[in-house]
>>> print(open('query14.pdb').read())   # PDB, C-alpha atoms and all ligand atoms
MODEL        1
ATOM      1  CA  MET I   1     108.132  77.559  63.810
ATOM      2  CA  GLU I   2     108.352  73.971  65.078
ATOM      3  CA  GLU I   3     112.036  74.536  65.838
ATOM      4  CA  LEU I   4     111.265  77.728  67.790
ATOM      5  CA  LEU I   5     108.633  75.933  69.886
ATOM      6  CA  LYS I   6     111.115  73.135  70.601
ATOM      7  CA  GLN I   7     113.691  75.701  71.727
ATOM      8  CA  ILE I   8     111.185  77.289  74.148
ATOM      9  CA  ALA I   9     110.354  73.839  75.560
ATOM     10  CA  HIS I  10     114.083  73.222  76.011
ATOM     11  CA  CYS I  11     114.488  76.567  77.852
ATOM     12  CA  VAL I  12     111.625  75.676  80.211
ATOM     13  CA  GLU I  13     112.948  72.171  80.812
ATOM     14  CA  PHE I  14     116.431  73.438  81.658
ATOM     15  CA  GLY I  15     115.464  76.730  83.338
ATOM     16  CA  LYS I  16     116.835  79.230  80.811
ATOM     17  CA  ILE I  17     114.926  82.443  81.602
ATOM     18  CA  ASN I  18     116.378  85.042  79.229
ATOM     19  CA  LYS I  19     119.568  86.012  77.416
ATOM     20  CA  THR I  20     121.219  87.584  80.454
ATOM     21  CA  SER I  21     120.472  84.766  82.889
ATOM     22  CA  PRO I  22     123.632  82.744  83.554
ATOM     23  CA  TYR I  23     121.800  79.469  84.251
ATOM     24  CA  PRO I  24     122.215  76.826  82.940
ATOM     25  CA  PRO I  25     125.936  77.397  82.286
ATOM     26  CA  ASP I  26     125.922  75.577  78.936
ATOM     27  CA  MET I  27     123.294  78.029  77.589
ATOM     28  CA  LYS I  28     125.045  81.198  78.786
ATOM     29  CA  GLY I  29     124.584  84.108  76.319
ATOM     30  CA  LYS I  30     121.824  82.325  74.410
ATOM     31  CA  GLU I  31     118.268  83.578  74.165
ATOM     32  CA  GLY I  32     115.866  82.205  76.749
ATOM     33  CA  ALA I  33     112.150  81.498  77.165
ATOM     34  CA  ASP I  34     111.484  85.255  77.375
ATOM     35  CA  GLU I  35     112.942  86.307  73.997
ATOM     36  CA  LEU I  36     111.978  83.134  72.150
ATOM     37  CA  THR I  37     108.318  83.364  73.225
ATOM     38  CA  SER I  38     108.175  86.950  72.035
ATOM     39  CA  GLN I  39     109.690  85.854  68.682
ATOM     40  CA  ALA I  40     107.236  82.971  68.353
ATOM     41  CA  LEU I  41     104.261  85.313  68.855
ATOM     42  CA  GLU I  42     105.688  87.805  66.336
ATOM     43  CA  ALA I  43     106.152  84.956  63.858
ATOM     44  CA  GLY I  44     102.457  84.111  64.179
ATOM     45  CA  ALA I  45     102.370  81.229  66.706
ATOM     46  CA  SER I  46      99.149  81.207  68.703
ATOM     47  CA  PRO I  47      99.356  81.467  72.520
ATOM     48  CA  ASP I  48      97.590  78.079  72.689
ATOM     49  CA  ASP I  49     100.261  76.546  70.484
ATOM     50  CA  ILE I  50     103.072  77.979  72.601
ATOM     51  CA  LEU I  51     101.396  76.786  75.796
ATOM     52  CA  ALA I  52     100.616  73.283  74.518
ATOM     53  CA  ASN I  53     103.739  72.623  72.462
ATOM     54  CA  SER I  54     106.393  74.452  74.457
ATOM     55  CA  LEU I  55     105.546  75.306  78.072
ATOM     56  CA  ILE I  56     103.561  72.171  78.860
ATOM     57  CA  VAL I  57     106.123  69.969  77.105
ATOM     58  CA  GLY I  58     108.990  71.514  79.101
ATOM     59  CA  MET I  59     107.148  71.464  82.438
ATOM     60  CA  GLU I  60     106.033  67.857  81.955
ATOM     61  CA  LYS I  61     109.605  66.800  81.299
ATOM     62  CA  VAL I  62     110.914  68.532  84.420
ATOM     63  CA  GLY I  63     107.977  67.183  86.461
ATOM     64  CA  THR I  64     108.771  63.638  85.410
ATOM     65  CA  LYS I  65     112.482  64.062  86.124
ATOM     66  CA  PHE I  66     111.634  65.508  89.575
ATOM     67  CA  ARG I  67     109.421  62.491  90.310
ATOM     68  CA  GLU I  68     112.286  60.181  89.292
ATOM     69  CA  ASN I  69     114.785  62.116  91.447
ATOM     70  CA  LYS I  70     116.775  63.075  88.359
ATOM     71  CA  VAL I  71     116.440  66.802  89.183
ATOM     72  CA  PHE I  72     115.786  68.581  92.487
ATOM     73  CA  VAL I  73     113.895  71.584  93.890
ATOM     74  CA  PRO I  74     116.338  74.259  92.573
ATOM     75  CA  GLN I  75     116.077  72.984  88.982
ATOM     76  CA  VAL I  76     112.278  72.915  89.202
ATOM     77  CA  LEU I  77     112.305  76.497  90.510
ATOM     78  CA  MET I  78     114.482  77.607  87.554
ATOM     79  CA  SER I  79     112.110  75.871  85.132
ATOM     80  CA  ALA I  80     109.174  77.618  86.770
ATOM     81  CA  LYS I  81     110.971  80.974  86.391
ATOM     82  CA  ALA I  82     111.547  80.310  82.687
ATOM     83  CA  MET I  83     107.917  79.256  82.354
ATOM     84  CA  HIS I  84     106.766  82.471  84.073
ATOM     85  CA  ALA I  85     108.935  84.589  81.736
ATOM     86  CA  ALA I  86     107.195  82.961  78.764
ATOM     87  CA  MET I  87     103.757  83.165  80.409
ATOM     88  CA  ALA I  88     104.140  86.935  80.863
ATOM     89  CA  HIS I  89     103.860  87.224  77.043
ATOM     90  CA  LEU I  90     100.842  84.902  76.891
ATOM     91  CA  LYS I  91      98.870  86.247  79.852
ATOM     92  CA  PRO I  92      97.244  89.187  77.958
ATOM     93  CA  TYR I  93      95.711  86.702  75.502
ATOM     94  CA  PHE I  94      94.354  84.516  78.306
ATOM     95  CA  ALA I  95      93.125  87.551  80.245
ATOM     96  CA  SER I  96      91.222  88.850  77.195
ATOM     97  CA  GLY I  97      89.581  85.455  76.657
ATOM     98  CA  ALA I  98      91.202  85.078  73.206
ATOM     99  CA  SER I  99      92.874  81.925  74.531
ATOM    100  CA  LYS I 100      91.526  79.536  77.135
ATOM    101  CA  ARG I 101      93.153  77.693  80.043
ATOM    102  CA  LYS I 102      92.440  74.002  80.640
ATOM    103  CA  GLY I 103      90.713  74.752  83.956
ATOM    104  CA  THR I 104      91.102  76.417  87.337
ATOM    105  CA  PHE I 105      92.846  75.071  90.423
ATOM    106  CA  ILE I 106      92.286  76.656  93.846
ATOM    107  CA  MET I 107      95.158  75.742  96.140
ATOM    108  CA  GLY I 108      96.104  76.442  99.744
ATOM    109  CA  THR I 109      98.052  75.093 102.690
ATOM    110  CA  VAL I 110      95.538  74.157 105.356
ATOM    111  CA  GLU I 111      94.643  75.905 108.596
ATOM    112  CA  GLY I 112      97.447  75.922 111.185
ATOM    113  CA  ASP I 113     100.147  75.070 108.640
ATOM    114  CA  LEU I 114     102.710  77.574 107.350
ATOM    115  CA  HIS I 115     104.722  75.319 105.018
ATOM    116  CA  ASP I 116     104.452  76.574 101.450
ATOM    117  CA  ILE I 117     107.453  75.320  99.486
ATOM    118  CA  GLY I 118     105.722  72.119  98.310
ATOM    119  CA  LYS I 119     102.455  73.945  97.630
ATOM    120  CA  ASN I 120     104.267  76.512  95.496
ATOM    121  CA  LEU I 121     106.017  73.782  93.504
ATOM    122  CA  VAL I 122     102.708  72.072  92.818
ATOM    123  CA  ASN I 123     101.198  75.416  91.750
ATOM    124  CA  MET I 124     104.059  76.162  89.373
ATOM    125  CA  MET I 125     103.779  72.776  87.753
ATOM    126  CA  VAL I 126      99.992  73.021  87.440
ATOM    127  CA  GLU I 127     100.199  76.527  85.976
ATOM    128  CA  GLY I 128     102.919  75.447  83.564
ATOM    129  CA  ASN I 129     100.613  72.714  82.385
ATOM    130  CA  GLY I 130      97.969  75.147  81.231
ATOM    131  CA  PHE I 131      95.703  75.696  84.242
ATOM    132  CA  GLU I 132      94.850  78.928  86.018
ATOM    133  CA  VAL I 133      96.003  78.716  89.635
ATOM    134  CA  ILE I 134      94.389  80.658  92.463
ATOM    135  CA  ASP I 135      96.802  80.485  95.369
ATOM    136  CA  LEU I 136      95.110  81.144  98.725
ATOM    137  CA  GLY I 137      98.430  81.012 100.587
ATOM    138  CA  VAL I 138      99.029  79.298 103.931
ATOM    139  CA  ASP I 139      96.926  78.748 107.061
ATOM    140  CA  VAL I 140      93.720  78.648 105.015
ATOM    141  CA  ASN I 141      90.471  77.664 106.736
ATOM    142  CA  GLY I 142      87.404  75.937 105.324
ATOM    143  CA  GLU I 143      85.367  79.149 104.997
ATOM    144  CA  THR I 144      88.041  80.745 102.800
ATOM    145  CA  PHE I 145      88.213  77.657 100.563
ATOM    146  CA  LEU I 146      84.418  77.615 100.401
ATOM    147  CA  SER I 147      84.072  81.274  99.478
ATOM    148  CA  GLU I 148      86.670  80.885  96.697
ATOM    149  CA  ALA I 149      84.950  77.705  95.506
ATOM    150  CA  GLU I 150      81.714  79.679  95.200
ATOM    151  CA  LYS I 151      83.398  82.241  92.953
ATOM    152  CA  HIS I 152      84.799  79.498  90.671
ATOM    153  CA  PRO I 153      82.174  76.769  90.309
ATOM    154  CA  GLU I 154      84.248  74.632  87.904
ATOM    155  CA  ALA I 155      87.502  74.810  89.845
ATOM    156  CA  VAL I 156      89.200  71.810  91.404
ATOM    157  CA  ILE I 157      90.356  72.448  94.965
ATOM    158  CA  GLY I 158      93.815  71.473  96.230
ATOM    159  CA  LEU I 159      94.823  71.163  99.884
ATOM    160  CA  SER I 160      98.407  70.828 101.086
ATOM    161  CA  ALA I 161      99.644  69.916 104.611
ATOM    162  CA  LEU I 162     103.087  69.144 105.976
ATOM    163  CA  LEU I 163     102.351  68.415 109.615
ATOM    164  CA  THR I 164     100.680  65.395 111.151
ATOM    165  CA  THR I 165      98.957  67.886 113.448
ATOM    166  CA  THR I 166      97.492  69.923 110.555
ATOM    167  CA  MET I 167      96.655  67.181 108.070
ATOM    168  CA  VAL I 168      93.698  66.399 110.343
ATOM    169  CA  ASN I 169      92.333  69.867 109.480
ATOM    170  CA  MET I 170      91.952  68.620 105.914
ATOM    171  CA  GLU I 171      89.033  66.485 107.067
ATOM    172  CA  LYS I 172      87.225  69.531 108.463
ATOM    173  CA  ILE I 173      87.873  71.551 105.300
ATOM    174  CA  VAL I 174      86.736  68.731 102.988
ATOM    175  CA  LYS I 175      83.536  68.422 105.057
ATOM    176  CA  THR I 176      82.888  72.189 104.956
ATOM    177  CA  ILE I 177      83.170  72.173 101.161
ATOM    178  CA  LYS I 178      81.384  68.866 100.503
ATOM    179  CA  ASP I 179      78.471  69.691 102.844
ATOM    180  CA  LYS I 180      77.601  72.525 100.490
ATOM    181  CA  TYR I 181      78.985  71.137  97.208
ATOM    182  CA  PRO I 182      79.072  67.314  97.417
ATOM    183  CA  ASP I 183      80.343  66.975  93.824
ATOM    184  CA  ARG I 184      83.193  69.443  94.169
ATOM    185  CA  ILE I 185      86.477  67.699  93.387
ATOM    186  CA  ILE I 186      89.143  67.986  96.076
ATOM    187  CA  CYS I 187      92.733  66.863  95.681
ATOM    188  CA  ILE I 188      95.061  66.574  98.687
ATOM    189  CA  GLY I 189      98.800  66.137  99.138
ATOM    190  CA  GLY I 190     101.849  66.794 101.321
ATOM    191  CA  ALA I 191     104.497  64.681 103.008
ATOM    192  CA  PRO I 192     102.376  63.046 105.770
ATOM    193  CA  VAL I 193      99.305  62.505 103.562
ATOM    194  CA  THR I 194      98.486  59.054 102.174
ATOM    195  CA  GLU I 195      96.031  57.434  99.813
ATOM    196  CA  ALA I 196      94.308  55.754 102.783
ATOM    197  CA  PHE I 197      93.920  59.111 104.563
ATOM    198  CA  CYS I 198      92.471  60.598 101.377
ATOM    199  CA  LYS I 199      89.799  57.886 101.274
ATOM    200  CA  LYS I 200      89.109  58.225 104.992
ATOM    201  CA  ILE I 201      88.360  61.947 104.813
ATOM    202  CA  ASN I 202      86.274  61.662 101.625
ATOM    203  CA  ALA I 203      88.645  63.669  99.411
ATOM    204  CA  ASP I 204      88.723  62.687  95.740
ATOM    205  CA  PHE I 205      92.386  62.319  94.906
ATOM    206  CA  TYR I 206      95.741  61.990  96.626
ATOM    207  CA  GLY I 207      98.612  63.611  94.704
ATOM    208  CA  PRO I 208     101.925  62.118  95.798
ATOM    209  CA  ASP I 209     103.900  64.773  93.920
ATOM    210  CA  PRO I 210     103.341  67.779  91.592
ATOM    211  CA  GLN I 211     103.271  65.611  88.484
ATOM    212  CA  GLY I 212     100.607  63.426  90.119
ATOM    213  CA  ALA I 213      98.410  66.496  90.646
ATOM    214  CA  VAL I 214      98.987  67.560  87.028
ATOM    215  CA  GLU I 215      98.104  64.115  85.688
ATOM    216  CA  PHE I 216      94.926  64.071  87.755
ATOM    217  CA  LEU I 217      93.860  67.538  86.536
ATOM    218  CA  ASN I 218      94.658  66.568  82.944
ATOM    219  CA  SER I 219      92.508  63.453  83.305
ATOM    220  CA  LEU I 220      89.567  65.685  84.301
ATOM    221  CA  SER I 221      90.037  68.218  81.523
ATOM    222  CA  SER I 222      90.468  65.733  78.660
TER     223      SER I 222
HETATM  224 CO1  LIG L 301     108.709  72.435 109.327
HETATM  225  N1  LIG L 301     108.422  70.564 109.809
HETATM  226  N2  LIG L 301     107.927  72.990 111.036
HETATM  227  N3  LIG L 301     109.268  74.209 108.817
HETATM  228  N4  LIG L 301     109.766  71.621 107.973
HETATM  229  C1  LIG L 301     108.782  69.554 108.811
HETATM  230  C2  LIG L 301     107.604  69.268 107.883
HETATM  231  C3  LIG L 301     109.182  68.332 109.727
HETATM  232  C4  LIG L 301     109.018  66.966 109.036
HETATM  233  C5  LIG L 301     110.618  68.532 110.278
HETATM  234  C6  LIG L 301     111.031  67.431 111.233
HETATM  235  O1  LIG L 301     110.690  67.453 112.374
HETATM  236  N5  LIG L 301     111.771  66.465 110.725
HETATM  237  C7  LIG L 301     108.214  68.532 110.952
HETATM  238  C8  LIG L 301     106.843  67.858 110.834
HETATM  239  C9  LIG L 301     106.716  66.649 111.730
HETATM  240  C10 LIG L 301     105.384  66.044 111.590
HETATM  241  O2  LIG L 301     104.375  66.679 111.666
HETATM  242  N6  LIG L 301     105.396  64.754 111.404
HETATM  243  C11 LIG L 301     108.124  70.044 111.004
HETATM  244  C12 LIG L 301     107.774  70.799 112.161
HETATM  245  C13 LIG L 301     107.546  69.997 113.415
HETATM  246  C14 LIG L 301     107.636  72.195 112.155
HETATM  247  C15 LIG L 301     107.256  73.107 113.315
HETATM  248  C16 LIG L 301     106.133  72.601 114.207
HETATM  249  C17 LIG L 301     108.561  73.354 114.103
HETATM  250  C18 LIG L 301     108.356  74.145 115.379
HETATM  251  O3  LIG L 301     108.091  75.314 115.296
HETATM  252  N7  LIG L 301     108.473  73.466 116.481
HETATM  253  C19 LIG L 301     106.874  74.422 112.600
HETATM  254  C20 LIG L 301     105.389  74.477 112.272
HETATM  255  C21 LIG L 301     104.972  75.800 111.719
HETATM  256  C22 LIG L 301     103.575  75.720 111.173
HETATM  257  O4  LIG L 301     103.397  75.304 110.038
HETATM  258  N8  LIG L 301     102.585  76.085 111.973
HETATM  259  C23 LIG L 301     107.680  74.309 111.355
HETATM  260  C24 LIG L 301     108.149  75.413 110.645
HETATM  261  C25 LIG L 301     108.915  75.352 109.500
HETATM  262  C26 LIG L 301     109.534  76.557 108.829
HETATM  263  C27 LIG L 301     108.639  77.808 108.878
HETATM  264  C28 LIG L 301     110.828  76.883 109.541
HETATM  265  C29 LIG L 301     109.864  76.013 107.391
HETATM  266  C30 LIG L 301     108.757  76.257 106.360
HETATM  267  C31 LIG L 301     109.126  77.356 105.390
HETATM  268  C32 LIG L 301     108.145  77.414 104.269
HETATM  269  O5  LIG L 301     107.531  76.448 103.849
HETATM  270  N9  LIG L 301     108.038  78.604 103.744
HETATM  271  C33 LIG L 301     109.933  74.513 107.663
HETATM  272  C34 LIG L 301     110.549  73.583 106.793
HETATM  273  C35 LIG L 301     111.300  74.168 105.618
HETATM  274  C36 LIG L 301     110.484  72.191 106.999
HETATM  275  C37 LIG L 301     111.207  71.068 106.230
HETATM  276  C38 LIG L 301     112.684  71.171 106.597
HETATM  277  C39 LIG L 301     111.094  71.107 104.719
HETATM  278  C40 LIG L 301     109.660  71.131 104.195
HETATM  279  C41 LIG L 301     109.733  71.351 102.705
HETATM  280  O6  LIG L 301     109.586  72.453 102.213
HETATM  281  N10 LIG L 301     110.042  70.287 101.929
HETATM  282  C42 LIG L 301     110.510  69.764 106.795
HETATM  283  C43 LIG L 301     111.467  68.601 107.014
HETATM  284  C44 LIG L 301     111.790  67.895 105.726
HETATM  285  O7  LIG L 301     110.923  67.662 104.916
HETATM  286  N11 LIG L 301     113.025  67.542 105.584
HETATM  287  C45 LIG L 301     109.755  70.277 107.954
HETATM  288  C46 LIG L 301     110.282  70.371 100.464
HETATM  289  C47 LIG L 301     108.965  70.337  99.694
HETATM  290  C48 LIG L 301     109.285  70.437  98.200
HETATM  291  O8  LIG L 301     108.347  69.088  99.934
HETATM  292  O9  LIG L 301     106.451  70.168 101.175
HETATM  293  O10 LIG L 301     106.657  67.628 101.059
HETATM  294  P1  LIG L 301     106.844  68.957 100.445
HETATM  295  O11 LIG L 301     105.969  69.000  99.102
HETATM  296  C49 LIG L 301     106.063  67.980  98.136
HETATM  297  C50 LIG L 301     105.052  66.858  98.294
HETATM  298  O12 LIG L 301     104.642  66.667  99.624
HETATM  299  C51 LIG L 301     103.953  67.198  97.342
HETATM  300  O13 LIG L 301     104.633  67.891  96.295
HETATM  301  C52 LIG L 301     105.692  68.667  96.829
HETATM  302  C53 LIG L 301     106.840  68.701  95.852
HETATM  303  O14 LIG L 301     107.361  67.404  95.659
HETATM  304  N12 LIG L 301     102.820  68.012  97.762
HETATM  305  C54 LIG L 301     101.620  67.893  97.113
HETATM  306  C55 LIG L 301     102.699  68.949  98.712
HETATM  307  N13 LIG L 301     101.480  69.449  98.709
HETATM  308  C56 LIG L 301     100.783  68.832  97.727
HETATM  309  C57 LIG L 301      99.458  68.991  97.298
HETATM  310  C58 LIG L 301      99.026  68.190  96.232
HETATM  311  C59 LIG L 301      99.875  67.272  95.624
HETATM  312  C60 LIG L 301     101.173  67.106  96.065
HETATM  313  O15 LIG L 301      97.775  68.251  95.743
HETATM  314  C61 LIG L 301      96.870  69.212  96.241
ENDMDL
END
>>> encode(input="query14.pdb", output="structure tokens")
Amino acid sequence: MEELLKQIAHCVEFGKINKTSPYPPDMKGKEGADELTSQALEAGASPDDILANSLIVGMEKVGTKFRENKVFVPQVLMSAKAMHAAMAHLKPYFASGASKRKGTFIMGTVEGDLHDIGKNLVNMMVEGNGFEVIDLGVDVNGETFLSEAEKHPEAVIGLSALLTTTMVNMEKIVKTIKDKYPDRIICIGGAPVTEAFCKKINADFYGPDPQGAVEFLNSLSS
């Protein structure tokens, strides 16, 4: 079983989705995250075990390599696809409550901003690390964040912005949420955002990259 879990982690790390997927070239024709996850469940592995010892291991490795500029956006996207293929087998267990996620993350690109590539990467990495992600999309205003926060009282909220003209909207959104829920944890990120800006607008954490967001969420759930 240990070997099977290692193989799934390897598929996620290198973006091997299933047997027919040609990427990566050195794994052509081999089984991918899809088939191997199905085999692991049939062999008696628990969904929690597969998540913790395969998917999270693979996604953490790719997240670290991305941070160190050893892999780039396309490789991360392939890893996320492999992770999603495996997750499709696990989702029924999580949906039924038989297995639990580490927590919930509500994420959106802020009002006025349509950039979603970075947000989606963060979401994929967070999901692959065992959290439920509620993606509110782009151009999200404070009221929408607030209403979703009300539905998920334990969830951490993530805001992404790519424009210097829209990062200022983060301040308004943080205020809208904190006025009603002062203890609600809000994490912000995006190319123009800085640690100093995070402090200035009273957000709780600045994530410089997807792995940073994952590490922060893990620190809260442990
Ligand atoms: Co836009 N754009 N764009 N654009 N665009 C930039 C951001 C820009 C830097 C280009 C430039 O001028 N050099 C510039 C911003 C300048 C500024 O504000 N300082 C700019 C501009 C000006 C604009 C428009 C205003 C252009 C115009 O219409 N005149 C317009 C605005 C539209 C709007 O949003 N209202 C616009 C439009 C667009 C497109 C629609 C064409 C397209 C977006 C497509 C899409 O996202 N679906 C686009 C793109 C693609 C870019 C560039 C080329 C790439 C952005 C990107 O996806 N990067 C960008 C220039 C560049 O960066 N080279 C540019 C890759 C992505 C993986 O990185 O998003 O930084 P990033 O996310 C990272 C981290 O920031 C972090 O993790 C991610 C992964 O590492 N991160 C978080 C992000 N969110 C996080 C949240 C966290 C934690 C980490 O916790 C919650």
>>> residues_near_point(input="query14.pdb", point="(84.7, 66.0, 95.0)", cutoff="10 Å", atoms="all atoms listed in the file", output="PyMOL selection string")
chain I and resi 156-157+174+177-178+181-187+202-205
>>> residues_near_ligand(input="query14.pdb", ligand="ligand LIG 301 (chain L)", cutoff="9 Å", atoms="only C-alpha atoms and all ligand atoms", output="PyMOL selection string")
chain I and resi 66-67+72-73+107-109+111-123+138-139+157-167+186-193+205-214
>>> write_last_selection(input="query14.pdb", atoms="C-alpha atoms", output="PDB file, in the frame of the given file")
ATOM      1  CA  PHE I  66     111.634  65.508  89.575  1.00  0.00           C
ATOM      2  CA  ARG I  67     109.421  62.491  90.310  1.00  0.00           C
ATOM      3  CA  PHE I  72     115.786  68.581  92.487  1.00  0.00           C
ATOM      4  CA  VAL I  73     113.895  71.584  93.890  1.00  0.00           C
ATOM      5  CA  MET I 107      95.158  75.742  96.140  1.00  0.00           C
ATOM      6  CA  GLY I 108      96.104  76.442  99.744  1.00  0.00           C
ATOM      7  CA  THR I 109      98.052  75.093 102.690  1.00  0.00           C
ATOM      8  CA  GLU I 111      94.643  75.905 108.596  1.00  0.00           C
ATOM      9  CA  GLY I 112      97.447  75.922 111.185  1.00  0.00           C
ATOM     10  CA  ASP I 113     100.147  75.070 108.640  1.00  0.00           C
ATOM     11  CA  LEU I 114     102.710  77.574 107.350  1.00  0.00           C
ATOM     12  CA  HIS I 115     104.722  75.319 105.018  1.00  0.00           C
ATOM     13  CA  ASP I 116     104.452  76.574 101.450  1.00  0.00           C
ATOM     14  CA  ILE I 117     107.453  75.320  99.486  1.00  0.00           C
ATOM     15  CA  GLY I 118     105.722  72.119  98.310  1.00  0.00           C
ATOM     16  CA  LYS I 119     102.455  73.945  97.630  1.00  0.00           C
ATOM     17  CA  ASN I 120     104.267  76.512  95.496  1.00  0.00           C
ATOM     18  CA  LEU I 121     106.017  73.782  93.504  1.00  0.00           C
ATOM     19  CA  VAL I 122     102.708  72.072  92.818  1.00  0.00           C
ATOM     20  CA  ASN I 123     101.198  75.416  91.750  1.00  0.00           C
ATOM     21  CA  VAL I 138      99.029  79.298 103.931  1.00  0.00           C
ATOM     22  CA  ASP I 139      96.926  78.748 107.061  1.00  0.00           C
ATOM     23  CA  ILE I 157      90.356  72.448  94.965  1.00  0.00           C
ATOM     24  CA  GLY I 158      93.815  71.473  96.230  1.00  0.00           C
ATOM     25  CA  LEU I 159      94.823  71.163  99.884  1.00  0.00           C
ATOM     26  CA  SER I 160      98.407  70.828 101.086  1.00  0.00           C
ATOM     27  CA  ALA I 161      99.644  69.916 104.611  1.00  0.00           C
ATOM     28  CA  LEU I 162     103.087  69.144 105.976  1.00  0.00           C
ATOM     29  CA  LEU I 163     102.351  68.415 109.615  1.00  0.00           C
ATOM     30  CA  THR I 164     100.680  65.395 111.151  1.00  0.00           C
ATOM     31  CA  THR I 165      98.957  67.886 113.448  1.00  0.00           C
ATOM     32  CA  THR I 166      97.492  69.923 110.555  1.00  0.00           C
ATOM     33  CA  MET I 167      96.655  67.181 108.070  1.00  0.00           C
ATOM     34  CA  ILE I 186      89.143  67.986  96.076  1.00  0.00           C
ATOM     35  CA  CYS I 187      92.733  66.863  95.681  1.00  0.00           C
ATOM     36  CA  ILE I 188      95.061  66.574  98.687  1.00  0.00           C
ATOM     37  CA  GLY I 189      98.800  66.137  99.138  1.00  0.00           C
ATOM     38  CA  GLY I 190     101.849  66.794 101.321  1.00  0.00           C
ATOM     39  CA  ALA I 191     104.497  64.681 103.008  1.00  0.00           C
ATOM     40  CA  PRO I 192     102.376  63.046 105.770  1.00  0.00           C
ATOM     41  CA  VAL I 193      99.305  62.505 103.562  1.00  0.00           C
ATOM     42  CA  PHE I 205      92.386  62.319  94.906  1.00  0.00           C
ATOM     43  CA  TYR I 206      95.741  61.990  96.626  1.00  0.00           C
ATOM     44  CA  GLY I 207      98.612  63.611  94.704  1.00  0.00           C
ATOM     45  CA  PRO I 208     101.925  62.118  95.798  1.00  0.00           C
ATOM     46  CA  ASP I 209     103.900  64.773  93.920  1.00  0.00           C
ATOM     47  CA  PRO I 210     103.341  67.779  91.592  1.00  0.00           C
ATOM     48  CA  GLN I 211     103.271  65.611  88.484  1.00  0.00           C
ATOM     49  CA  GLY I 212     100.607  63.426  90.119  1.00  0.00           C
ATOM     50  CA  ALA I 213      98.410  66.496  90.646  1.00  0.00           C
ATOM     51  CA  VAL I 214      98.987  67.560  87.028  1.00  0.00           C
TER      52      VAL I 214
END
>>> closest_residue(input="query14.pdb", among="I:Gly142, I:Gly137, I:Gly32, I:Pro25", to="Ala82 in chain I", atoms="only C-alpha atoms")
I:Gly32
>>> resolve_selection(input="query14.pdb", expression="the PyMOL selection byres (((chain I and resi 45) around 12) and not hetatm)", output="PyMOL selection string")
chain I and resi 1-5+36-44+46-54+90
>>> atom_distance(input="query14.pdb", atom1="CA of Gln7 in chain I", atom2="CA of Ala33 in chain I")
8.1 Å
>>> closest_residue(input="query14.pdb", among="I:Met125, I:Ile201, I:Val168, I:Ile106", to="Glu154 in chain I", atoms="only C-alpha atoms")
I:Ile106
>>> atom_distance(input="query14.pdb", atom1="CA of Phe131 in chain I", atom2="CA of Phe105 in chain I")
6.8 Å
